[in-house]
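File shown here: my_file.cif, holding mmCIF, C-alpha atoms.
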```cif
data_input
#
loop_
_atom_site.label_atom_id
_atom_site.label_comp_id
_atom_site.auth_asym_id
_atom_site.auth_seq_id
_atom_site.Cartn_x
_atom_site.Cartn_y
_atom_site.Cartn_z
CA MET A 11 -139.58 20.20 2.67
CA THR A 12 -140.84 18.62 5.90
CA ASP A 13 -142.19 15.57 4.03
CA ASP A 14 -138.80 15.00 2.39
CA ILE A 15 -136.89 15.21 5.68
CA GLU A 16 -139.53 12.98 7.32
CA HIS A 17 -138.95 10.28 4.73
CA ARG A 18 -135.16 10.58 4.87
CA LEU A 19 -135.17 10.49 8.67
CA SER A 20 -137.43 7.44 8.79
CA VAL A 21 -135.22 5.55 6.32
CA ALA A 22 -132.04 6.61 8.11
CA ALA A 23 -133.42 5.59 11.52
CA GLU A 24 -134.39 2.16 10.18
CA ALA A 25 -130.92 1.68 8.68
CA LEU A 26 -129.25 2.84 11.90
CA ARG A 27 -131.24 0.36 13.95
CA GLU A 28 -130.24 -2.47 11.59
CA TYR A 29 -126.61 -1.34 11.88
CA GLU A 30 -126.80 -1.44 15.69
CA VAL A 31 -128.51 -4.84 15.70
CA THR A 32 -126.06 -6.30 13.18
CA THR A 33 -123.09 -5.00 15.18
CA HIS A 34 -124.41 -6.86 18.22
CA ARG A 35 -125.09 -9.96 16.11
CA VAL A 36 -121.54 -10.04 14.74
CA ALA A 37 -120.09 -9.85 18.26
CA ASP A 38 -122.45 -12.55 19.58
CA LEU A 39 -121.72 -14.90 16.68
CA ARG A 40 -117.97 -14.33 17.02
CA ALA A 41 -118.13 -15.36 20.69
CA ARG A 42 -120.22 -18.43 19.87
CA VAL A 43 -117.88 -19.46 17.04
CA ASP A 44 -114.89 -19.24 19.37
CA GLU A 45 -116.69 -21.23 22.07
CA LEU A 46 -117.79 -23.97 19.68
CA ALA A 47 -114.37 -24.12 18.01
CA GLY A 48 -112.90 -24.91 21.41
CA ARG A 49 -115.51 -27.60 21.92
CA VAL A 50 -114.74 -29.16 18.52
CA ALA A 51 -111.03 -29.25 19.34
CA GLN A 52 -111.81 -30.95 22.64
CA LEU A 53 -114.03 -33.53 20.96
CA ARG A 54 -111.36 -34.30 18.39
CA GLU A 55 -108.89 -34.91 21.18
CA GLN A 56 -111.38 -37.32 22.73
CA CYS A 57 -111.60 -39.13 19.38
CA VAL A 58 -107.85 -39.66 19.38
CA ALA A 59 -107.97 -40.99 22.95
CA GLU A 60 -110.81 -43.39 22.14
CA GLU A 61 -109.00 -44.67 19.04
CA LYS A 62 -105.94 -45.37 21.18
CA ASP A 63 -108.12 -47.41 23.57
CA VAL A 64 -109.37 -49.50 20.66
CA ALA A 65 -105.84 -49.96 19.32
CA ARG A 66 -104.62 -51.18 22.71
CA LEU A 67 -107.24 -53.92 22.76
CA GLU A 68 -106.76 -54.85 19.11
CA GLY A 69 -102.98 -55.00 19.22
CA ARG A 70 -100.42 -56.63 21.44
CA SER A 71 -100.58 -54.87 24.76
CA LEU A 72 -100.88 -55.48 28.47
CA THR A 73 -104.48 -54.27 28.26
CA ARG A 74 -105.30 -56.94 25.71
CA VAL A 75 -103.58 -59.68 27.73
CA LEU A 76 -105.39 -58.74 30.93
CA ALA A 77 -108.73 -58.51 29.10
CA SER A 78 -108.17 -61.92 27.54
CA LEU A 79 -107.30 -63.48 30.92
CA ARG A 80 -110.58 -62.16 32.29
CA GLY A 81 -112.38 -63.63 29.29
CA ALA A 82 -113.92 -60.27 28.54
CA ARG A 83 -111.84 -59.05 25.61
CA ASP A 84 -114.63 -59.16 23.01
CA ASP A 85 -117.02 -57.26 25.27
CA LEU A 86 -114.41 -54.66 26.12
CA LEU A 87 -113.39 -54.28 22.48
CA ALA A 88 -117.01 -53.85 21.41
CA ARG A 89 -117.50 -51.22 24.09
CA GLU A 90 -114.34 -49.34 23.14
CA ARG A 91 -115.27 -49.41 19.45
CA ALA A 92 -118.74 -48.11 20.28
CA GLU A 93 -117.29 -45.33 22.39
CA ALA A 94 -114.85 -44.45 19.60
CA ASP A 95 -117.74 -44.31 17.11
CA ALA A 96 -119.68 -42.14 19.54
CA ALA A 97 -116.72 -39.78 19.92
CA ARG A 98 -116.39 -39.47 16.13
CA TYR A 99 -120.12 -38.79 15.81
CA ARG A 100 -120.02 -36.08 18.48
CA ALA A 101 -117.03 -34.43 16.83
CA ALA A 102 -118.60 -34.54 13.35
CA GLU A 103 -121.92 -33.17 14.62
CA ALA A 104 -120.18 -30.31 16.47
CA ALA A 105 -118.02 -29.55 13.41
CA ALA A 106 -121.15 -29.29 11.25
CA ARG A 107 -122.69 -26.84 13.73
CA LEU A 108 -119.46 -24.85 13.75
CA ASP A 109 -119.48 -24.59 9.94
CA ALA A 110 -123.07 -23.34 9.99
CA LEU A 111 -122.24 -20.79 12.71
CA ARG A 112 -119.24 -19.53 10.75
CA ARG A 113 -121.42 -19.03 7.67
CA GLU A 114 -123.86 -16.99 9.78
CA HIS A 115 -120.99 -14.90 11.12
CA GLU A 116 -119.61 -14.25 7.63
CA ALA A 117 -123.05 -13.21 6.38
CA ALA A 118 -123.50 -10.86 9.34
CA CYS A 119 -120.06 -9.31 8.74
CA ALA A 120 -120.92 -8.77 5.07
CA ARG A 121 -124.18 -7.07 5.99
CA LEU A 122 -122.42 -4.90 8.57
CA ASN A 123 -120.01 -3.73 5.88
CA GLN A 124 -122.96 -2.78 3.70
CA LEU A 125 -124.43 -0.76 6.59
CA ALA A 126 -121.13 0.93 7.50
CA GLY A 127 -122.38 4.32 6.35
CA ALA A 128 -125.62 4.21 8.37
CA PRO A 129 -124.40 6.18 11.43
CA ASP A 130 -122.99 9.01 9.29
CA ALA A 131 -126.12 9.06 7.12
CA TYR A 132 -128.33 9.31 10.20
CA ALA A 133 -126.16 12.11 11.62
CA ALA A 134 -126.40 14.00 8.31
CA VAL A 135 -130.19 13.78 8.33
CA LEU A 136 -130.26 15.02 11.92
CA ASP A 137 -128.17 18.04 10.84
CA ALA A 138 -130.63 18.69 8.01
CA LYS A 139 -133.48 18.36 10.47
CA GLU A 140 -131.86 20.88 12.83
CA GLN A 141 -131.34 23.37 10.03
CA HIS A 142 -134.91 22.94 8.84
CA LEU A 143 -136.40 23.41 12.31
CA THR A 144 -134.27 26.51 12.81
CA GLY A 145 -135.53 28.02 9.58
CA THR A 146 -139.23 27.30 9.97
CA GLY A 147 -141.74 28.77 12.34
CA ASP A 148 -144.22 25.87 12.01
CA PRO A 149 -144.69 24.40 15.51
CA ARG A 150 -145.72 21.05 13.98
CA ALA A 151 -142.38 20.39 12.28
CA ALA A 152 -140.47 19.17 15.35
CA ARG A 153 -143.17 16.66 16.29
CA LEU A 154 -143.55 15.37 12.74
CA LEU A 155 -139.83 14.69 12.48
CA ALA A 156 -139.78 13.00 15.89
CA LEU A 157 -142.61 10.73 14.73
CA ALA A 158 -140.66 9.91 11.54
CA ASP A 159 -137.69 8.81 13.65
CA GLN A 160 -139.90 6.56 15.79
CA ARG A 161 -141.58 5.12 12.70
CA GLY A 162 -138.24 4.14 11.17
CA ARG A 163 -137.06 2.36 14.31
CA LEU A 164 -140.36 0.52 14.77
CA THR A 165 -140.35 -0.58 11.13
CA GLY A 166 -136.89 -2.03 11.63
CA GLU A 167 -137.97 -3.81 14.80
CA LEU A 168 -140.99 -5.34 13.06
CA ARG A 169 -138.71 -6.73 10.36
CA GLU A 170 -136.54 -8.33 13.06
CA VAL A 171 -139.60 -9.78 14.80
CA ALA A 172 -140.80 -11.29 11.52
CA GLU A 173 -137.38 -12.85 10.87
CA ALA A 174 -137.30 -14.29 14.39
CA ASP A 175 -140.79 -15.74 13.98
CA GLN A 176 -139.79 -17.35 10.68
CA ALA A 177 -136.81 -18.96 12.44
CA ALA A 178 -139.06 -20.09 15.31
CA ARG A 179 -141.52 -21.66 12.88
CA ALA A 180 -138.68 -23.56 11.19
CA ALA A 181 -137.41 -24.77 14.59
CA GLN A 182 -140.92 -25.82 15.59
CA GLN A 183 -141.34 -27.90 12.44
CA ALA A 184 -137.90 -29.47 12.90
CA LEU A 185 -138.70 -30.42 16.50
CA GLU A 186 -141.98 -31.98 15.44
CA GLN A 187 -140.03 -34.12 12.96
CA VAL A 188 -137.65 -35.24 15.72
CA GLN A 189 -140.65 -36.10 17.89
CA ARG A 190 -142.15 -38.27 15.16
CA LYS A 191 -138.85 -40.11 14.60
CA LEU A 192 -138.41 -40.72 18.31
CA ASP A 193 -141.98 -41.96 18.69
CA SER A 194 -141.34 -44.50 15.93
CA ALA A 195 -138.06 -45.61 17.52
CA SER A 196 -139.77 -45.85 20.90
CA GLY A 197 -142.44 -48.18 19.50
CA TRP A 198 -139.88 -50.56 18.03
CA SER A 199 -137.79 -50.34 21.22
CA THR A 200 -140.78 -51.38 23.33
CA TYR A 201 -141.42 -54.36 21.07
CA ASP A 202 -137.73 -55.29 21.03
CA THR A 203 -137.40 -55.00 24.82
CA PHE A 204 -140.59 -56.52 26.18
CA PHE A 205 -141.98 -58.72 23.41
CA GLY A 206 -139.01 -60.73 22.25
CA GLY A 207 -138.19 -58.67 19.20
CA GLY A 208 -135.47 -60.13 17.04
CA MET A 209 -133.03 -59.11 14.35
CA VAL A 210 -135.65 -57.38 12.21
CA SER A 211 -137.17 -55.30 15.01
CA SER A 212 -133.72 -54.45 16.36
CA ALA A 213 -132.57 -53.30 12.91
CA LEU A 214 -135.72 -51.20 12.47
CA LYS A 215 -135.26 -49.66 15.91
CA HIS A 216 -131.71 -48.59 15.14
CA SER A 217 -132.73 -47.32 11.71
CA ARG A 218 -135.36 -45.11 13.35
CA LEU A 219 -132.78 -43.88 15.84
CA ASP A 220 -130.46 -42.96 12.97
CA ASP A 221 -133.33 -40.99 11.43
CA ALA A 222 -134.00 -39.30 14.79
CA ALA A 223 -130.35 -38.35 15.18
CA GLN A 224 -130.30 -36.74 11.72
CA ALA A 225 -133.54 -34.90 12.45
CA ALA A 226 -132.13 -33.75 15.80
CA ALA A 227 -129.00 -32.39 14.13
CA HIS A 228 -131.18 -30.36 11.74
CA ALA A 229 -133.34 -29.13 14.63
CA GLU A 230 -130.21 -28.11 16.52
CA ARG A 231 -129.15 -25.91 13.59
CA CYS A 232 -132.64 -24.40 13.47
CA LEU A 233 -132.49 -23.62 17.19
CA ALA A 234 -129.08 -22.00 16.75
CA ALA A 235 -130.50 -19.79 13.97
CA LEU A 236 -133.45 -18.88 16.19
CA ARG A 237 -131.10 -17.96 19.02
CA THR A 238 -129.30 -15.57 16.65
CA GLU A 239 -132.54 -13.95 15.50
CA LEU A 240 -133.87 -13.55 19.05
CA ALA A 241 -130.75 -11.64 20.03
CA ASP A 242 -132.01 -8.87 17.71
CA VAL A 243 -135.38 -8.46 19.48
CA PRO A 244 -135.26 -6.45 22.74
CA GLY A 245 -137.14 -8.05 25.62
CA ILE A 246 -137.25 -11.46 23.97
CA ASP A 247 -133.49 -11.86 23.58
CA VAL A 248 -133.32 -13.01 27.22
CA ILE A 249 -134.81 -16.34 26.07
CA ALA A 250 -131.97 -16.96 23.63
CA PRO A 251 -129.46 -18.44 26.12
CA ARG A 252 -132.08 -20.94 27.31
CA LEU A 253 -132.22 -22.39 23.81
CA ALA A 254 -128.60 -23.43 24.18
CA VAL A 255 -129.17 -24.95 27.63
CA GLY A 256 -132.00 -27.17 26.38
CA SER A 257 -130.49 -27.79 22.98
CA LEU A 258 -130.65 -31.07 21.12
CA THR A 259 -126.95 -31.72 21.52
CA ARG A 260 -128.31 -33.29 24.70
CA PHE A 261 -129.92 -35.89 22.44
CA VAL A 262 -126.51 -36.96 21.19
CA ASP A 263 -125.02 -36.96 24.68
CA ILE A 264 -127.90 -38.99 26.06
CA TRP A 265 -127.83 -41.48 23.24
CA PHE A 266 -124.12 -42.20 23.45
CA ASP A 267 -124.00 -42.62 27.22
CA ASN A 268 -122.93 -46.29 27.44
CA ILE A 269 -125.90 -48.01 25.82
CA PHE A 270 -125.43 -51.78 25.67
CA THR A 271 -128.82 -53.25 26.56
CA ASP A 272 -132.28 -52.96 25.02
CA LEU A 273 -133.68 -51.65 28.31
CA ALA A 274 -131.04 -48.92 28.42
CA VAL A 275 -131.87 -47.94 24.83
CA ARG A 276 -135.51 -47.52 25.77
CA GLU A 277 -134.59 -45.35 28.75
CA LYS A 278 -132.35 -43.15 26.61
CA ILE A 279 -135.11 -42.68 24.04
CA THR A 280 -137.44 -41.59 26.85
CA GLN A 281 -134.89 -39.02 28.02
CA ALA A 282 -134.45 -37.72 24.48
CA VAL A 283 -138.22 -37.35 24.08
CA HIS A 284 -138.31 -35.33 27.31
CA HIS A 285 -135.65 -32.91 26.04
CA VAL A 286 -137.42 -32.48 22.72
CA GLU A 287 -140.66 -31.67 24.52
CA GLN A 288 -138.84 -29.05 26.60
CA CYS A 289 -137.49 -27.44 23.44
CA ARG A 290 -140.92 -27.46 21.81
CA ARG A 291 -142.49 -25.71 24.80
CA LEU A 292 -139.74 -23.09 24.77
CA VAL A 293 -140.15 -22.40 21.04
CA SER A 294 -143.94 -22.17 21.44
CA ASP A 295 -143.42 -19.60 24.20
CA VAL A 296 -141.09 -17.67 21.90
CA ARG A 297 -143.70 -17.52 19.15
CA VAL A 298 -146.35 -16.25 21.56
CA ARG A 299 -144.04 -13.49 22.77
CA LEU A 300 -143.08 -12.55 19.22
CA ALA A 301 -146.75 -12.27 18.25
CA GLN A 302 -147.35 -10.02 21.25
CA ARG A 303 -144.38 -7.84 20.32
CA ALA A 304 -145.54 -7.56 16.69
CA ALA A 305 -149.04 -6.58 17.82
CA ARG A 306 -147.61 -3.93 20.13
CA ASP A 307 -145.37 -2.49 17.40
CA HIS A 308 -148.21 -2.42 14.87
CA ALA A 309 -150.36 -0.60 17.41
CA SER A 310 -147.56 1.93 18.00
CA LEU A 311 -147.17 2.50 14.26
CA GLY A 312 -150.91 3.00 13.95
CA ALA A 313 -150.85 5.59 16.74
CA ILE A 314 -147.92 7.38 15.09
CA GLU A 315 -149.75 7.51 11.76
CA ASP A 316 -152.94 8.79 13.41
CA GLU A 317 -151.01 11.56 15.17
CA ARG A 318 -149.18 12.44 11.96
CA LYS A 319 -152.44 12.73 10.01
CA HIS A 320 -153.94 14.88 12.75
CA LEU A 321 -150.96 17.24 12.74
CA LEU A 322 -150.99 17.56 8.95
CA ALA A 323 -154.73 18.17 8.86
CA SER A 324 -154.63 20.88 11.54
CA GLY A 325 -153.80 24.47 11.01
#
```
Can I see the file as structure tokens?
Amino acid sequence: MTDDIEHRLSVAAEALREYEVTTHRVADLRARVDELAGRVAQLREQCVAEEKDVARLEGRSLTRVLASLRGARDDLLARERAEADAARYRAAEAAARLDALRREHEAACARLNQLAGAPDAYAAVLDAKEQHLTGTGDPRAARLLALADQRGRLTGELREVAEADQAARAAQQALEQVQRKLDSASGWSTYDTFFGGGMVSSALKHSRLDDAAQAAAHAERCLAALRTELADVPGIDVIAPRLAVGSLTRFVDIWFDNIFTDLAVREKITQAVHHVEQCRRLVSDVRVRLAQRAARDHASLGAIEDERKHLLASG
């Protein structure tokens, strides 16, 4: 009878822990969806404003007349068009992140619905445990059932650690890809800036920057997924907010900050490389901490199993 309750209690404790973690995840994702939705709306408003600036210079307006009198209309129009393109890019990139975040939230809600019965199931097993302990005189029973509860919770935590490490590994690989793309763009930027360059080198530089931007967008989604997974791991979840602070949206903001000269492009690439390196160091630190947590949990499970075997073998 004790073995059966042990097993049921361990399974119920694991399910209850997942229910608690998923409840927290749903709330966290809901808050992040709302925050990012506000950001997307703001960016779309900026798009409209930038398009109006372009229209004023392209059409008949006082702005166009004054720009023409200064002899700077073409430069101003090029700048406004570039800023409008940048605004559209920012809005599209944020919208893509919002879609991914909403899918995560929907998946978490679906899983929470599946786990809805976990608290009641755990309470029912505890009632069965109480009845069993009341009806048995074996002094080992209480400790065996307590160990089963601990084992279930630790098993659940190890699953969460493994999922977080998988997300961290994906983020690490994505960041390495961004680094490679930026290194390539940096090489062509150096040639274009200091060694004459030309149309071919300039085109290659911008092609590499397009590749880097796409890689950065993918890495950003990987970092967002990692942030979600880390929120499920006690003690390591404190790192999660820092992933947002050093996120690769900074790459987009840096890149679109009024770049109109080759020297400025090179400087922006350097800044982007610095942010990527910061993210890589943070993810590496996360993986070290996750490995330490997994080792600690495995050691705890080993100690629980040793004590359980000792109790069963005695008496």
Using only C-alpha atoms, find the one residue out of A:Ala222, A:Ala37, A:Ala181, A:Ala313 that sits nearest to Cys289 of chain A.
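Smallest distance to Cys289 of chain A is found for A:Ala181.
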Which value, in Å to one decimal, gives the distance between atom CA of Glu116 of chain A and atom CA of Val50 of chain A?
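Computing the Euclidean distance for atom CA of Glu116 of chain A and atom CA of Val50 of chain A yields 19.1 Å.
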Please measure the separation of atom CA of Asp44 of chain A and atom CA of Ala102 of chain A, giving the value in Å to one decimal.
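Spanning atom CA of Asp44 of chain A to atom CA of Ala102 of chain A is a straight-line distance of 16.9 Å.
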From the options A:Ala118, A:Ala128, A:Val286, A:Ala309, which residue's atoms come nearest to Leu39 of chain A, counting all atoms listed in the file?
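Of the candidates, the smallest distance to Leu39 of chain A is held by A:Ala118.
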To one decimal place in Å, what is the distance between atom CA of Thr238 of chain A and atom CA of Ile279 of chain A?
28.7 Å
Return as a PDB file with C-alpha atoms, in the coordinates of the input the set of residues that the PyMOL selection byres ((chain A and resi 168-177) around 6) yields on the displayed structure.
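Writing the result to out.pdb gives the following:
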```pdb
ATOM      1  CA  THR A 165    -140.350  -0.580  11.130  1.00  0.00           C
ATOM      2  CA  GLY A 166    -136.890  -2.030  11.630  1.00  0.00           C
ATOM      3  CA  GLU A 167    -137.970  -3.810  14.800  1.00  0.00           C
ATOM      4  CA  ALA A 178    -139.060 -20.090  15.310  1.00  0.00           C
ATOM      5  CA  ARG A 179    -141.520 -21.660  12.880  1.00  0.00           C
ATOM      6  CA  ALA A 180    -138.680 -23.560  11.190  1.00  0.00           C
ATOM      7  CA  LEU A 236    -133.450 -18.880  16.190  1.00  0.00           C
ATOM      8  CA  GLU A 239    -132.540 -13.950  15.500  1.00  0.00           C
ATOM      9  CA  LEU A 240    -133.870 -13.550  19.050  1.00  0.00           C
TER      10      LEU A 240
END
```
Selected residue of minimal separation from Glu230 of chain A among A:Leu192, A:Arg107, A:Thr32, A:Asp63, counting all atoms listed in the file:
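Distance minimum relative to Glu230 of chain A lands on A:Arg107.
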List the residues matched by the PyMOL selection byres ((chain A and resi 115) around 9) in the displayed structure as a compact mmCIF listing (two decimals) with C-alpha atoms, in the coordinates of the input, ordered by chain and then by residue number.
```txt
# COMPACT_ATOMS: atom_id res chain seq x y z
CA ARG A 35 -125.09 -9.96 16.11
CA VAL A 36 -121.54 -10.04 14.74
CA ALA A 37 -120.09 -9.85 18.26
CA ASP A 38 -122.45 -12.55 19.58
CA LEU A 39 -121.72 -14.90 16.68
CA ARG A 40 -117.97 -14.33 17.02
CA VAL A 43 -117.88 -19.46 17.04
CA ALA A 110 -123.07 -23.34 9.99
CA LEU A 111 -122.24 -20.79 12.71
CA ARG A 112 -119.24 -19.53 10.75
CA ARG A 113 -121.42 -19.03 7.67
CA GLU A 114 -123.86 -16.99 9.78
CA GLU A 116 -119.61 -14.25 7.63
CA ALA A 117 -123.05 -13.21 6.38
CA ALA A 118 -123.50 -10.86 9.34
CA CYS A 119 -120.06 -9.31 8.74
CA ALA A 120 -120.92 -8.77 5.07
```
Between A:Arg231, A:His17, A:Arg290, A:His308, which is the closest to Ala156 of chain A once you count only C-alpha atoms?
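So, comparing all the options, the nearest one is A:His17.
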Considering all atoms listed in the file, state which residue in the set A:Arg163, A:Asp220, A:Leu122, A:Arg297 is at the smallest distance from Ser194 of chain A.
A:Asp220
Asp14 of chain A: which residues within 12 Å, counting all atoms listed in the file, same-chain residues fewer than 2 positions away excluded, as a list in words?
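The neighbour list is Met11, Thr12, Glu16, His17, Arg18, Leu19, Ser20, Val21, Val135, Ala138, Lys139, His142, Ala151, Leu154, Leu155 and Ala158 of chain A.
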So which one's closest to Leu164 of chain A, A:Arg27, A:Gly245, A:Glu317, A:Ile15? Using all atoms listed in the file, please.
A:Arg27
